[in-house]
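For reference, the structure discussed in these notes is given below.
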Amino acid sequence: MLTDHWPLAGLSVRTPRLELRLPTEPELAELAEVAARGVVKPGTRPFRSTWSYGTPVERARSVLKAHWRSQADWTPEEWALVLVVFADGRPVGVQSLRAKEFAIRREILSGSWLGIEHHGRGLGTEARVAMLHLAFAGLAAESAISASFTDNAASVAISRKLGYLPDGVERDNRHGELALTQRFRLDRADWQPTRRPDIGLTGLAPCAELFGISADE
């Protein structure tokens, strides 16, 4: 089985509303179609990377390449876990977490996107909650970082709602124009009181080595 050689394929985080896990190849193709139909509202530029502003073909191919690249480039010293968000059993977007030297730093940086037809349903918040459960309850992280352009109201609102604290402002280059990026930080001690008992995590122990941690953590 694939999980015998690549246990990340068996990792899953479940909430009453959604599931985060790696996709099968058919599900990855369906996710690409979600991206092709649109990720951002016309006239807005919430992301630093440009893939979401391309043509439908460019968006779909970018999603495929990002998934394959994250798997191919994985090392315990630097990894990017690009989990697909499944709602009602169908792919609706991505919730990622990435880290460098996680065994020492115990800090992750998250990112996400949802297909435009799934905006406004609370799925972005729920996916972030599930990701934080994986990071803190599963991987024993000490801090979770999020960064958003200050005019990305949806992302900023999720961070504030979930108890992140401001962690500095950076002057950034957004496609040739000045933009401000707000960093947010959520520490383990501040997350612990909000920990939800209705979130399930399976398949993590066999993945510990890939994250650079002990299976006993």
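Letters A, B, ... go to the chains of the structure tokens in the order shown; residues in each chain start at 1; ligands are counted from 1 in the same order.
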
Residue list (strand (DSSP E), DSSP) for stretch 41-208 of chain A, as a ChimeraX atom specification: /A:78-87,90-100,107-114,143-149,165-174,177-187,200-202

Residues of the last selection are to be written out with C-alpha atoms, as a short mmCIF file (atom, residue, chain, number, x, y, z; two decimals), in the first residue's frame.
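Okay, this is what ended up in out_23.cif:
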```cif
data_model
loop_
_atom_site.label_atom_id
_atom_site.label_comp_id
_atom_site.auth_asym_id
_atom_site.auth_seq_id
_atom_site.Cartn_x
_atom_site.Cartn_y
_atom_site.Cartn_z
CA GLU A 78 11.95 21.58 5.56
CA TRP A 79 8.44 20.48 4.65
CA ALA A 80 5.15 21.79 3.32
CA LEU A 81 2.02 19.79 4.08
CA VAL A 82 -0.56 20.88 1.50
CA LEU A 83 -3.81 19.33 2.72
CA VAL A 84 -6.98 19.41 0.68
CA VAL A 85 -10.17 20.63 2.38
CA PHE A 86 -13.05 18.21 1.81
CA ALA A 87 -16.61 19.33 2.56
CA ARG A 90 -15.69 16.86 -2.21
CA PRO A 91 -12.57 19.03 -2.56
CA VAL A 92 -13.26 22.73 -1.95
CA GLY A 93 -9.78 24.20 -1.36
CA VAL A 94 -6.46 23.85 0.44
CA GLN A 95 -5.17 24.34 3.97
CA SER A 96 -1.40 24.13 4.26
CA LEU A 97 1.19 24.23 7.00
CA ARG A 98 4.91 24.44 6.45
CA ALA A 99 8.01 24.53 8.60
CA LYS A 100 11.79 24.72 8.59
CA GLU A 107 6.79 26.74 14.65
CA ILE A 108 4.56 26.41 11.60
CA LEU A 109 3.35 28.89 8.98
CA SER A 110 -0.09 28.32 7.51
CA GLY A 111 -1.76 29.27 4.24
CA SER A 112 -5.06 28.51 2.55
CA TRP A 113 -7.44 29.09 -0.32
CA LEU A 114 -11.00 28.09 -1.13
CA SER A 143 3.60 28.57 17.73
CA ALA A 144 1.48 29.00 14.61
CA ILE A 145 2.11 31.95 12.30
CA SER A 146 -0.23 33.51 9.75
CA ALA A 147 0.51 36.48 7.49
CA SER A 148 -2.00 38.49 5.46
CA PHE A 149 -2.08 41.69 3.50
CA LEU A 165 -2.10 38.16 18.31
CA PRO A 166 -0.46 40.77 16.04
CA ASP A 167 3.21 39.95 15.46
CA GLY A 168 4.47 42.91 13.45
CA VAL A 169 3.85 44.65 10.13
CA GLU A 170 6.07 44.31 7.06
CA ARG A 171 6.31 46.55 4.00
CA ASP A 172 5.83 44.23 1.05
CA ASN A 173 5.92 44.17 -2.74
CA ARG A 174 2.55 43.11 -4.08
CA GLU A 177 3.11 47.98 -5.67
CA LEU A 178 3.65 48.66 -1.97
CA ALA A 179 1.44 46.70 0.39
CA LEU A 180 1.47 46.08 4.14
CA THR A 181 1.56 42.55 5.51
CA GLN A 182 0.28 41.88 9.02
CA ARG A 183 1.84 38.93 10.81
CA PHE A 184 -0.14 37.05 13.45
CA ARG A 185 1.05 34.53 16.04
CA LEU A 186 -0.86 31.99 18.11
CA ASP A 187 1.10 30.31 20.89
CA GLY A 200 -10.33 13.66 15.20
CA LEU A 201 -6.77 13.01 14.08
CA THR A 202 -5.71 9.72 12.51
#
```

Alpha helix (DSSP H) residues, from DSSP on the backbone, in stretch 124-204 of chain A, as a PyMOL selection string: chain A and resi 124-133+153-161+188-191

Interatomic distance, atom CA of A:Cys207 to atom CA of A:Leu8 (Å, one decimal): 5.9 Å

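Between A:Arg121 and the candidates A:Trp191, A:Val13, A:Ala154, A:Gly163, the tightest atom-to-atom separation, counting only C-alpha atoms, involves A:Ala154.
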
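Counting only C-alpha atoms, the residue from A:Arg37, A:Arg106, A:Arg128, A:Lys65 that sits nearest to A:Tyr53 is A:Arg37.
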
Nearest to A:Ile199 by atom-to-atom distance, counting only C-alpha atoms, from A:Ala36, A:Ala141, A:Leu18, A:Ile104: A:Leu18

Between atom CA of A:Val63 and atom CA of A:Ala32, distance in Å (one decimal): 5.8 Å

Two-atom distance - atom CA of A:Ser159, atom CA of A:Arg69 (Å): 27.2 Å

Who sits within 10 Å of A:His175, only C-alpha atoms, same chain under 4 positions skipped, as a PyMOL selection string: chain A and resi 45+47-50+179

Selected residues written out, N, CA and C atoms, as a PDB file, in the first residue's frame:
```
ATOM      1  N   ARG A  45      -6.790  41.381  -4.798  1.00  0.00           N
ATOM      2  CA  ARG A  45      -5.471  40.725  -4.860  1.00  0.00           C
ATOM      3  C   ARG A  45      -5.044  40.355  -3.437  1.00  0.00           C
ATOM      4  N   PHE A  47      -3.520  37.648  -2.352  1.00  0.00           N
ATOM      5  CA  PHE A  47      -2.354  36.779  -2.204  1.00  0.00           C
ATOM      6  C   PHE A  47      -1.116  37.388  -2.832  1.00  0.00           C
ATOM      7  N   ARG A  48       0.049  37.096  -2.220  1.00  0.00           N
ATOM      8  CA  ARG A  48       1.326  37.551  -2.768  1.00  0.00           C
ATOM      9  C   ARG A  48       1.660  36.788  -4.050  1.00  0.00           C
ATOM     10  N   SER A  49       1.473  35.476  -4.044  1.00  0.00           N
ATOM     11  CA  SER A  49       1.741  34.677  -5.237  1.00  0.00           C
ATOM     12  C   SER A  49       0.697  35.002  -6.304  1.00  0.00           C
ATOM     13  N   THR A  50       1.076  34.797  -7.553  1.00  0.00           N
ATOM     14  CA  THR A  50       0.227  35.260  -8.661  1.00  0.00           C
ATOM     15  C   THR A  50      -0.621  34.162  -9.293  1.00  0.00           C
ATOM     16  N   ALA A 179       2.555  47.193  -0.415  1.00  0.00           N
ATOM     17  CA  ALA A 179       1.439  46.701   0.390  1.00  0.00           C
ATOM     18  C   ALA A 179       1.968  46.377   1.778  1.00  0.00           C
TER      19      ALA A 179
END
```

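If only C-alpha atoms are the atoms counted, then among A:Ile213, A:Ala130, A:Ala140, A:Tyr164 the closest residue to A:Glu19 is A:Ala130.
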